[in-house]
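Asks: Data file input-v2.txt (compact mmCIF, C-alpha atoms) is appended below.
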```txt
# COMPACT_ATOMS: atom_id res chain seq x y z
CA GLU A 107 119.51 98.90 86.14
CA ALA A 108 119.03 102.53 85.18
CA PHE A 109 116.79 103.11 88.20
CA GLU A 110 119.27 101.45 90.55
CA ALA A 111 121.99 103.70 89.10
CA ARG A 112 119.71 106.69 89.80
CA ASP A 113 119.57 107.60 86.12
CA SER A 114 117.14 110.52 85.85
CA ARG A 115 116.26 109.35 82.34
CA ALA A 116 115.01 105.96 83.54
CA THR A 117 111.50 105.26 82.30
CA PHE A 118 108.70 103.21 83.80
CA THR A 119 105.64 101.55 82.38
CA VAL A 120 102.55 101.83 84.53
CA PHE A 121 99.73 99.38 83.90
CA VAL A 122 96.22 100.65 84.63
CA PRO A 123 92.74 99.27 83.95
CA PRO A 124 91.38 99.84 80.44
CA GLY A 125 89.66 103.20 80.21
CA ALA A 126 91.35 104.64 83.30
CA PRO A 127 93.02 107.60 81.54
CA ALA A 128 89.75 108.51 79.78
CA GLU A 129 87.86 108.34 83.07
CA GLY A 130 90.61 110.46 84.65
CA ALA A 131 90.20 113.08 81.92
CA ARG A 132 86.48 113.27 82.72
CA LEU A 133 87.22 113.59 86.44
CA ALA A 134 89.75 116.36 85.82
CA ALA A 135 87.24 118.24 83.69
CA ALA A 136 84.39 117.73 86.16
CA ARG A 137 86.50 119.00 89.05
CA ASN A 138 87.85 121.89 86.95
CA CYS A 139 91.50 121.11 87.76
CA LYS A 140 92.62 123.58 85.10
CA SER A 141 91.24 126.51 87.11
CA CYS A 142 94.18 126.22 89.53
CA HIS A 143 96.68 123.95 87.75
CA GLY A 144 96.50 125.75 84.38
CA ALA A 145 94.85 125.02 81.04
CA GLU A 146 97.39 122.31 80.17
CA LEU A 147 97.73 121.23 83.84
CA ARG A 148 101.35 122.37 83.74
CA GLY A 149 101.03 124.73 86.68
CA ALA A 150 99.53 128.15 87.32
CA LEU A 151 98.21 129.08 90.77
CA ALA A 152 98.95 125.51 91.87
CA PRO A 153 101.80 123.10 91.00
CA PRO A 154 102.00 121.27 87.66
CA LEU A 155 100.31 117.89 87.38
CA ALA A 156 100.95 116.90 83.76
CA GLY A 157 103.54 114.20 83.35
CA ARG A 158 104.15 113.70 87.07
CA SER A 159 104.72 110.25 88.50
CA PRO A 160 101.37 108.52 89.05
CA SER A 161 102.55 107.03 92.34
CA TYR A 162 103.57 110.50 93.56
CA LEU A 163 100.23 112.00 92.53
CA ALA A 164 98.26 109.14 94.11
CA ARG A 165 100.22 109.45 97.35
CA GLN A 166 99.56 113.19 97.52
CA LEU A 167 95.83 112.83 96.82
CA THR A 168 95.52 110.00 99.34
CA ASP A 169 97.34 112.05 102.00
CA MET A 170 95.10 115.06 101.30
CA ARG A 171 91.99 112.87 101.44
CA ALA A 172 93.10 111.39 104.77
CA GLY A 173 93.95 114.83 106.15
CA THR A 174 97.58 113.96 106.81
CA ARG A 175 98.79 116.88 104.69
CA HIS A 176 98.43 120.01 106.82
CA ASP A 177 100.48 122.51 104.79
CA ALA A 178 98.85 125.62 103.36
CA GLY A 179 99.34 124.36 99.80
CA ALA A 180 97.21 121.29 100.48
CA ALA A 181 94.33 123.20 102.06
CA PRO A 182 92.44 123.96 98.80
CA MET A 183 92.81 120.35 97.66
CA ARG A 184 91.63 118.61 100.84
CA PRO A 185 87.87 119.03 100.14
CA ILE A 186 88.34 117.93 96.53
CA ALA A 187 90.46 114.90 97.46
CA ALA A 188 87.88 113.94 100.09
CA THR A 189 85.36 113.27 97.29
CA LEU A 190 87.64 110.80 95.47
CA ASN A 191 87.61 107.05 96.02
CA ASN A 192 90.63 104.83 95.31
CA HIS A 193 89.45 103.93 91.80
CA GLN A 194 88.98 107.60 90.92
CA ILE A 195 92.45 108.45 92.25
CA LEU A 196 93.92 105.69 90.09
CA SER A 197 92.08 106.97 87.00
CA LEU A 198 92.93 110.59 87.63
CA THR A 199 96.61 109.90 88.19
CA ALA A 200 96.76 107.62 85.11
CA TYR A 201 95.41 110.50 83.03
CA LEU A 202 97.69 113.13 84.53
CA ALA A 203 100.79 110.95 84.15
CA SER A 204 99.94 110.37 80.48
CA LEU A 205 100.12 114.10 79.66
CA PRO A 206 103.32 115.69 78.38
CA PRO A 207 105.08 117.64 81.15
```
Write out the structure in this file as structure tokens.
Replies:
Amino acid sequence: EAFEARDSRATFTVFVPPGAPAEGARLAAARNCKSCHGAELRGALAPPLAGRSPSYLARQLTDMRAGTRHDAGAAPMRPIAATLNNHQILSLTAYLASLPP
């Protein structure tokens, strides 16, 4: 009901496979996400990732991987996203969504 009423405080529960957030943390470390997105992944040279909607993050990564994002902001991420499979995107976004914004 809160979502339908466009309540900005509406919360969602996202179910992911066991271990997905931990795998996502390893992926984020291995790909050095903090070098552009900041030490806490709350933004620096690139936009914040911590606490973002997992469906939003997955959509962005999938679009970058497919090459359908052509804006200048997506350019540095396209080669990184190209190395991710669907399972890795799920794990990475589960981890990022679990962080405090």
Asks: Which is closest to A:Thr199 among A:Val122, A:Pro160, A:Ser114, A:Cys139, if we use only C-alpha atoms?
Replies: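 Of the candidates, the smallest distance to A:Thr199 is held by A:Pro160.
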Asks: Between atom CA of A:Arg137 and atom CA of A:Gln194, what is the distance in Å, rounded to a tenth?
Replies: 11.8 Å
Asks: Neighbouring residues of A:Ala135 were defined as those with any atom within 12 Å, considering only C-alpha atoms; residues of the same chain fewer than 3 positions away were excluded. Please report them as a ChimeraX atom specification.
Replies: /A:128-132,138-141,143-147,198,201-202
Asks: Give me the box for stretch 129-137 of chain A as lines of an AutoDock Vina configuration file, namely the centre and edge lengths in Å to one decimal of a box along x, y and z that holds every listed atom plus 6 Å on each side.
Replies:
```
center_x = 87.5
center_y = 113.7
center_z = 85.5
size_x = 18.2
size_y = 22.7
size_z = 19.1
```
Asks: Between A:Thr168, A:Thr174, A:Ser159, A:Thr189, single out the one closest to A:Pro207, counting all atoms listed in the file.
Replies: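 Checking each candidate against A:Pro207, we get A:Ser159 as the closest.
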Asks: Could you list, as a list in words, every residue within 10 Å of A:Pro185, counting all atoms listed in the file and ignoring same-chain residues fewer than 6 positions away?
Replies: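 Once the nearby chain positions are removed, what remains is Met170, Arg171 and Gly173 of chain A.
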Asks: Let me make sure I understand: among A:Pro127, A:Leu167, A:Pro154, A:Ala178, which one has the smallest atom-to-atom distance to A:Ser197 if we use all atoms listed in the file?
Replies: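 Among A:Pro127, A:Leu167, A:Pro154, A:Ala178, it is A:Pro127 that comes nearest to A:Ser197.
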Asks: Between atom CA of A:Leu163 and atom CA of A:Cys142, what is the distance, to one decimal in Å?
Replies: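 If I compute the distance from atom CA of A:Leu163 to atom CA of A:Cys142, I get 15.7 Å.
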Asks: Please report the interatomic distance between atom CA of A:Ser161 and atom CA of A:Thr119 in Å with one decimal.
Replies: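 These atoms are spaced 11.8 Å apart.
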Asks: I need the residue nearest A:Ala156 from this list: A:Met183, A:Ala116, A:Ile195, A:Ala134. Use all atoms listed in the file for the distance.
Replies: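 With all atoms listed in the file as the atom set, the closest residue is A:Ala134.
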Asks: Is there a way to complete stretch 158-177 of chain A with N, CA, C and O atoms and then write that out as a compact mmCIF listing (two decimals), in the coordinates of the input?
Replies:
```
# COMPACT_ATOMS: atom_id res chain seq x y z
N ARG A 158 103.57 114.09 85.77
CA ARG A 158 104.15 113.70 87.07
C ARG A 158 103.99 112.20 87.28
O ARG A 158 103.14 111.56 86.70
N SER A 159 104.78 111.67 88.18
CA SER A 159 104.72 110.25 88.50
C SER A 159 103.33 109.91 89.06
O SER A 159 102.84 110.59 89.97
N PRO A 160 102.69 108.87 88.53
CA PRO A 160 101.37 108.52 89.05
C PRO A 160 101.40 108.08 90.51
O PRO A 160 100.46 108.35 91.26
N SER A 161 102.48 107.44 90.93
CA SER A 161 102.55 107.03 92.34
C SER A 161 102.69 108.26 93.24
O SER A 161 102.10 108.32 94.32
N TYR A 162 103.44 109.26 92.79
CA TYR A 162 103.57 110.50 93.56
C TYR A 162 102.22 111.19 93.67
O TYR A 162 101.79 111.60 94.75
N LEU A 163 101.53 111.32 92.53
CA LEU A 163 100.23 112.00 92.53
C LEU A 163 99.22 111.25 93.41
O LEU A 163 98.48 111.88 94.18
N ALA A 164 99.19 109.93 93.30
CA ALA A 164 98.26 109.14 94.11
C ALA A 164 98.56 109.29 95.59
O ALA A 164 97.64 109.42 96.41
N ARG A 165 99.83 109.30 95.94
CA ARG A 165 100.22 109.45 97.35
C ARG A 165 99.77 110.82 97.87
O ARG A 165 99.23 110.93 98.98
N GLN A 166 99.97 111.87 97.07
CA GLN A 166 99.56 113.19 97.52
C GLN A 166 98.05 113.29 97.69
O GLN A 166 97.57 113.82 98.70
N LEU A 167 97.30 112.78 96.72
CA LEU A 167 95.83 112.83 96.82
C LEU A 167 95.33 112.01 98.00
O LEU A 167 94.41 112.42 98.71
N THR A 168 95.92 110.86 98.22
CA THR A 168 95.52 110.00 99.34
C THR A 168 95.83 110.69 100.67
O THR A 168 95.00 110.67 101.59
N ASP A 169 96.99 111.32 100.77
CA ASP A 169 97.34 112.05 102.00
C ASP A 169 96.39 113.23 102.22
O ASP A 169 95.99 113.50 103.36
N MET A 170 96.04 113.93 101.16
CA MET A 170 95.10 115.06 101.30
C MET A 170 93.73 114.56 101.70
O MET A 170 93.08 115.16 102.56
N ARG A 171 93.30 113.45 101.10
CA ARG A 171 91.99 112.87 101.44
C ARG A 171 91.95 112.45 102.90
O ARG A 171 90.96 112.65 103.60
N ALA A 172 93.04 111.87 103.38
CA ALA A 172 93.10 111.39 104.77
C ALA A 172 93.32 112.52 105.77
O ALA A 172 93.17 112.33 106.97
N GLY A 173 93.69 113.70 105.27
CA GLY A 173 93.95 114.83 106.15
C GLY A 173 95.32 114.82 106.79
O GLY A 173 95.56 115.53 107.75
N THR A 174 96.23 114.01 106.24
CA THR A 174 97.58 113.96 106.81
C THR A 174 98.49 115.03 106.24
O THR A 174 99.60 115.20 106.74
N ARG A 175 98.04 115.72 105.20
CA ARG A 175 98.79 116.88 104.69
C ARG A 175 98.17 118.12 105.32
O ARG A 175 97.01 118.42 105.11
N HIS A 176 98.95 118.85 106.10
CA HIS A 176 98.43 120.01 106.82
C HIS A 176 99.02 121.33 106.32
O HIS A 176 98.72 122.38 106.88
N ASP A 177 99.85 121.28 105.29
CA ASP A 177 100.48 122.51 104.79
C ASP A 177 99.45 123.38 104.08
O ASP A 177 98.40 122.92 103.64
```
